[in-house]
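Contents: one structure, followed by commentary.
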Amino acid sequence: MSFSVATKNELARVTGRQSCCRLAELAALIRMDGSIQISGGRLVSLNISTENAAVARKILSMIKGLFDIHTEVLVQRKTRLRKNNVYLVHIPPQPGVNMLLNRLGMIDRDGRLVNDIREDLLKKECCRRAYLRGVFLGGGSVNSPEGNYHLELITDNEKHAGYIGRLMQKLRLPAKLSERKNWHVVYLKGSEQIVRFLNIIGAHSALLNFENARIYKDMRNQVNRLVNCETANLNKTVNASVRQLENIKLVRDTMGFEHIPVSLREVAELRVKYPDASLKELGGFLQPRLSKSGINHRLRKIEEIADNIRRKKF
């Protein structure tokens, strides 16, 4: 089960305490996944489709609880691509359908379709949170935190996408909008933003799982960075030691240690004796002790002598 599906299954069990919140959530679900059909004689019916059985049950429960209207659930099976079940919540023509659509802000009192969201549906913050929950259930997805951080809400209505973006901005979520073929996408990229969104819509178990995975991922990345850094430093130290030994052997074999200053001879002999020691450790062997920079300075002097020898040879 994907992280998105697990999150939706959790949200399908979250019920708004007040009827206004349930009304806002249902309105969002219908705007995301619903279609209104008007047949002969101006008979109006409503279809809401989803691939998630838990979401279909929630839609059915909210409609019955808020409107007590006859509703059917049909199950269809896709024949292309992923052969998932599609659950169709169908409200056939009957008295009360127009009233339902009017209360949800889909049509006005004269039965004309309404594109704008009714502001009175989202006066309270709890209703705005519920609306975003419905939007996510209807067209949302969130990546597993083990991969790239990405949450998106997809709708085929550009105006609705803009409204969702503004609603998220009011809740201090810096949502961004983009287009993908014929779809309009509202998305969040930052892990902190996604955690806040999950908290707002009430997906608390998903939030905890997201945080646990994120902490583990961050710790693993930090350990990898430290290991890479240590490996790079070790390689650098080994390469420097090999180069220093080559310089020292060249000086010893060509001109001999007796022809270089005593201070340089002491460091050269220590490096030959302790090829794996750090500069700090080499400085500790001397009396008086010599700093790391002092050891490095003397090794540089030996390197200059070796370079002069090489130039004379060639």
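Note on naming: chains are A, B, ... as they come in the structure tokens, residues start from 1 per chain, ligands start from 1 in the order shown.
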
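Close contacts of Ala6 in chain A, defined as residues with an atom at most 12 Å away when counting only C-alpha atoms, with chain neighbours fewer than 4 positions off set aside, comprise Met1, Ser2, Glu10, Leu11, Ala12, Arg13, Asn52, Ala54, Val55, Leu137, Ser141, Val142, Asn143, Ser144, Ala203, His204, Ser205, Ala206, Leu207, Asn209 and Phe210 of chain A.
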
>> Taking 2 positions as the minimum chain separation for residues in the same chain, which residues sit within 9 Å of range 193-201 of chain A when counting only C-alpha atoms? Answer as a PyMOL selection string.
In response: chain A and resi 7+11+129-134+136+142+149-151+168+171-175+188-191+203-204+206-208+210-211

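Proximity ranking of A:Ile91, A:Leu250, A:Ile215, A:Ala56 relative to Val75 in chain A places A:Ala56 first, based on only C-alpha atoms.
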
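The gap separating CA of Ile295 in chain A from CA of Thr231 in chain A is 22.9 Å, in Å to one decimal.
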
>> Taking the DSSP secondary structure from the backbone, can you list the residues of range 117-290 of chain A that are helix (DSSP H, G or I), as a count of residues only?
In response: 116

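What separates CA of Arg103 in chain A from CA of Gly34 in chain A is a distance of 15.0 Å.
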
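If you look at CA of Arg166 in chain A and CA of Leu113 in chain A, they are 22.3 Å away from each other.
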
Using only C-alpha atoms, which residues sit within 10 Å of Asn102 in chain A once same-chain residues fewer than 4 positions away are excluded, as a compact mmCIF listing (two decimals) with all heavy atoms, in the first residue's frame?
```txt
# COMPACT_ATOMS: atom_id res chain seq x y z
N GLY A 96 -35.20 16.85 -3.76
CA GLY A 96 -34.13 17.09 -2.80
C GLY A 96 -32.76 17.21 -3.42
O GLY A 96 -31.82 17.71 -2.78
N VAL A 97 -32.60 16.79 -4.68
CA VAL A 97 -31.29 16.87 -5.32
C VAL A 97 -30.88 18.32 -5.53
O VAL A 97 -29.74 18.71 -5.26
CB VAL A 97 -31.28 16.11 -6.66
CG1 VAL A 97 -29.94 16.31 -7.37
CG2 VAL A 97 -31.54 14.63 -6.45
N ASN A 98 -31.82 19.13 -6.00
CA ASN A 98 -31.52 20.55 -6.21
C ASN A 98 -31.15 21.24 -4.90
O ASN A 98 -30.24 22.07 -4.85
CB ASN A 98 -32.71 21.26 -6.86
CG ASN A 98 -32.77 20.99 -8.36
OD1 ASN A 98 -32.15 20.05 -8.85
ND2 ASN A 98 -33.52 21.80 -9.09
N MET A 106 -23.16 24.27 -5.57
CA MET A 106 -22.96 23.84 -6.96
C MET A 106 -23.92 24.54 -7.92
O MET A 106 -23.58 24.77 -9.08
CB MET A 106 -23.15 22.32 -7.08
CG MET A 106 -22.26 21.52 -6.15
SD MET A 106 -20.53 21.75 -6.53
CE MET A 106 -19.77 21.20 -5.01
N ILE A 107 -25.12 24.86 -7.44
CA ILE A 107 -26.11 25.58 -8.26
C ILE A 107 -26.72 26.69 -7.41
O ILE A 107 -26.67 26.64 -6.17
CB ILE A 107 -27.22 24.63 -8.78
CG1 ILE A 107 -28.00 24.03 -7.61
CG2 ILE A 107 -26.65 23.55 -9.68
CD1 ILE A 107 -29.22 23.21 -8.05
N ASP A 108 -27.27 27.70 -8.09
CA ASP A 108 -27.94 28.76 -7.34
C ASP A 108 -29.42 28.40 -7.14
O ASP A 108 -29.85 27.29 -7.51
CB ASP A 108 -27.79 30.11 -8.06
CG ASP A 108 -28.39 30.11 -9.47
OD1 ASP A 108 -29.23 29.22 -9.76
OD2 ASP A 108 -28.02 30.98 -10.27
N ARG A 109 -30.18 29.31 -6.61
CA ARG A 109 -31.59 29.01 -6.30
C ARG A 109 -32.42 28.79 -7.56
O ARG A 109 -33.49 28.16 -7.51
CB ARG A 109 -32.17 30.14 -5.47
CG ARG A 109 -31.58 30.22 -4.06
CD ARG A 109 -32.21 31.34 -3.27
NE ARG A 109 -31.64 31.40 -1.92
CZ ARG A 109 -32.00 32.31 -1.02
NH1 ARG A 109 -32.92 33.23 -1.31
NH2 ARG A 109 -31.44 32.30 0.18
N ASP A 110 -31.94 29.31 -8.69
CA ASP A 110 -32.66 29.13 -9.95
C ASP A 110 -32.21 27.90 -10.70
O ASP A 110 -32.63 27.65 -11.84
CB ASP A 110 -32.47 30.37 -10.83
CG ASP A 110 -33.05 31.63 -10.18
OD1 ASP A 110 -34.11 31.52 -9.54
OD2 ASP A 110 -32.43 32.70 -10.32
N GLY A 111 -31.30 27.11 -10.09
CA GLY A 111 -30.84 25.87 -10.71
C GLY A 111 -29.71 26.04 -11.70
O GLY A 111 -29.36 25.09 -12.42
N ARG A 112 -29.09 27.24 -11.73
CA ARG A 112 -27.97 27.45 -12.65
C ARG A 112 -26.65 27.06 -11.98
O ARG A 112 -26.46 27.29 -10.79
CB ARG A 112 -27.92 28.92 -13.06
CG ARG A 112 -29.10 29.35 -13.94
CD ARG A 112 -29.10 30.85 -14.17
NE ARG A 112 -29.26 31.58 -12.91
CZ ARG A 112 -29.54 32.88 -12.84
NH1 ARG A 112 -29.68 33.58 -13.96
NH2 ARG A 112 -29.64 33.47 -11.66
N LEU A 113 -25.75 26.49 -12.79
CA LEU A 113 -24.47 26.05 -12.26
C LEU A 113 -23.67 27.23 -11.74
O LEU A 113 -23.66 28.31 -12.34
CB LEU A 113 -23.67 25.32 -13.33
CG LEU A 113 -24.21 23.95 -13.79
CD1 LEU A 113 -23.39 23.41 -14.95
CD2 LEU A 113 -24.21 22.96 -12.64
N VAL A 114 -22.94 27.02 -10.63
CA VAL A 114 -22.13 28.06 -10.01
C VAL A 114 -20.67 27.60 -10.02
O VAL A 114 -20.35 26.51 -9.56
CB VAL A 114 -22.58 28.32 -8.56
CG1 VAL A 114 -21.66 29.34 -7.89
CG2 VAL A 114 -24.02 28.80 -8.53
N ARG A 118 -18.83 29.05 -2.64
CA ARG A 118 -19.64 29.88 -1.75
C ARG A 118 -18.87 30.18 -0.48
O ARG A 118 -18.46 29.27 0.25
CB ARG A 118 -20.95 29.17 -1.40
CG ARG A 118 -22.05 29.49 -2.39
CD ARG A 118 -23.36 28.86 -2.07
NE ARG A 118 -23.64 28.76 -0.63
CZ ARG A 118 -24.67 28.06 -0.16
NH1 ARG A 118 -25.47 27.42 -0.99
NH2 ARG A 118 -24.89 27.99 1.12
```

Residues flagged strand (DSSP E or B) by DSSP in range 65-264 of chain A, as a compact mmCIF listing (two decimals) with N, CA and C atoms, in the first residue's frame:
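Output (part_39.txt):
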```
# COMPACT_ATOMS: atom_id res chain seq x y z
N GLU A 72 -27.00 5.52 -4.42
CA GLU A 72 -26.56 4.19 -4.84
C GLU A 72 -25.04 4.19 -5.01
N VAL A 73 -24.46 3.02 -4.85
CA VAL A 73 -23.02 2.86 -5.10
C VAL A 73 -22.84 1.78 -6.16
N LEU A 74 -22.18 2.13 -7.25
CA LEU A 74 -21.91 1.20 -8.34
C LEU A 74 -20.41 0.94 -8.40
N VAL A 75 -20.05 -0.30 -8.71
CA VAL A 75 -18.64 -0.66 -8.81
C VAL A 75 -18.33 -1.05 -10.24
N GLN A 76 -17.35 -0.35 -10.82
CA GLN A 76 -16.92 -0.64 -12.17
C GLN A 76 -15.45 -1.05 -12.14
N ARG A 77 -15.02 -1.80 -13.12
CA ARG A 77 -13.63 -2.22 -13.19
C ARG A 77 -12.99 -1.64 -14.44
N ASN A 85 -10.71 -1.05 -9.30
CA ASN A 85 -12.14 -0.79 -9.22
C ASN A 85 -12.38 0.71 -9.15
N VAL A 86 -13.44 1.15 -9.80
CA VAL A 86 -13.89 2.54 -9.70
C VAL A 86 -15.24 2.52 -9.01
N TYR A 87 -15.35 3.27 -7.92
CA TYR A 87 -16.59 3.30 -7.15
C TYR A 87 -17.35 4.56 -7.52
N LEU A 88 -18.58 4.40 -7.96
CA LEU A 88 -19.42 5.50 -8.40
C LEU A 88 -20.56 5.69 -7.41
N VAL A 89 -20.53 6.81 -6.69
CA VAL A 89 -21.63 7.16 -5.79
C VAL A 89 -22.63 7.95 -6.63
N HIS A 90 -23.82 7.39 -6.80
CA HIS A 90 -24.82 7.94 -7.72
C HIS A 90 -26.06 8.38 -6.96
N ILE A 91 -26.43 9.64 -7.17
CA ILE A 91 -27.69 10.16 -6.62
C ILE A 91 -28.64 10.34 -7.79
N ILE A 107 -25.12 24.86 -7.44
CA ILE A 107 -26.11 25.58 -8.26
C ILE A 107 -26.72 26.69 -7.41
N LEU A 113 -25.75 26.49 -12.79
CA LEU A 113 -24.47 26.05 -12.26
C LEU A 113 -23.67 27.23 -11.74
N GLY A 140 -5.76 14.28 -4.38
CA GLY A 140 -4.44 14.51 -3.81
C GLY A 140 -3.56 13.29 -3.82
N SER A 141 -2.26 13.54 -3.68
CA SER A 141 -1.29 12.46 -3.52
C SER A 141 -0.08 13.02 -2.79
N VAL A 142 0.61 12.14 -2.07
CA VAL A 142 1.82 12.56 -1.36
C VAL A 142 2.85 11.45 -1.49
N LEU A 151 3.92 16.84 -2.37
CA LEU A 151 2.48 16.66 -2.18
C LEU A 151 1.78 17.50 -3.23
N GLU A 152 0.77 16.93 -3.88
CA GLU A 152 0.07 17.69 -4.91
C GLU A 152 -1.43 17.41 -4.88
N LEU A 153 -2.17 18.42 -5.35
CA LEU A 153 -3.62 18.36 -5.48
C LEU A 153 -3.94 18.68 -6.93
N ILE A 154 -4.64 17.78 -7.62
CA ILE A 154 -4.86 17.92 -9.06
C ILE A 154 -6.34 18.12 -9.35
N THR A 155 -6.63 19.13 -10.18
CA THR A 155 -8.00 19.38 -10.61
C THR A 155 -7.99 19.78 -12.09
N LYS A 176 2.36 26.19 -4.57
CA LYS A 176 2.68 26.67 -5.92
C LYS A 176 1.77 25.97 -6.93
N LEU A 177 1.55 26.61 -8.07
CA LEU A 177 0.66 26.08 -9.09
C LEU A 177 1.43 25.80 -10.37
N SER A 178 1.03 24.74 -11.06
CA SER A 178 1.63 24.43 -12.36
C SER A 178 0.58 23.71 -13.21
N GLU A 179 0.88 23.56 -14.49
CA GLU A 179 -0.03 22.84 -15.40
C GLU A 179 0.65 21.57 -15.88
N ARG A 180 -0.14 20.52 -16.00
CA ARG A 180 0.36 19.24 -16.50
C ARG A 180 -0.66 18.71 -17.49
N TRP A 183 -4.38 19.29 -16.84
CA TRP A 183 -4.65 19.34 -15.41
C TRP A 183 -3.94 20.53 -14.78
N HIS A 184 -4.51 20.99 -13.69
CA HIS A 184 -3.92 22.09 -12.91
C HIS A 184 -3.50 21.52 -11.55
N VAL A 185 -2.24 21.75 -11.21
CA VAL A 185 -1.64 21.11 -10.04
C VAL A 185 -1.27 22.17 -9.00
N VAL A 186 -1.73 21.95 -7.77
CA VAL A 186 -1.32 22.75 -6.63
C VAL A 186 -0.39 21.86 -5.81
N TYR A 187 0.83 22.33 -5.52
CA TYR A 187 1.78 21.40 -4.89
C TYR A 187 2.61 22.07 -3.80
N LEU A 188 3.14 21.21 -2.93
CA LEU A 188 4.08 21.59 -1.88
C LEU A 188 5.32 20.73 -2.02
```

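Of the residues listed (A:Asn115, A:Ser39, A:Ser278, A:Ser61), A:Ser39 shows the shortest atom-to-atom separation from Pro92 in chain A; distances use only C-alpha atoms.
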
> Quick one: of A:Leu279, A:Ala306, A:Val262, A:Cys229, who's nearest to Arg243 in chain A, counting only C-alpha atoms?
Replying inline: A:Ala306
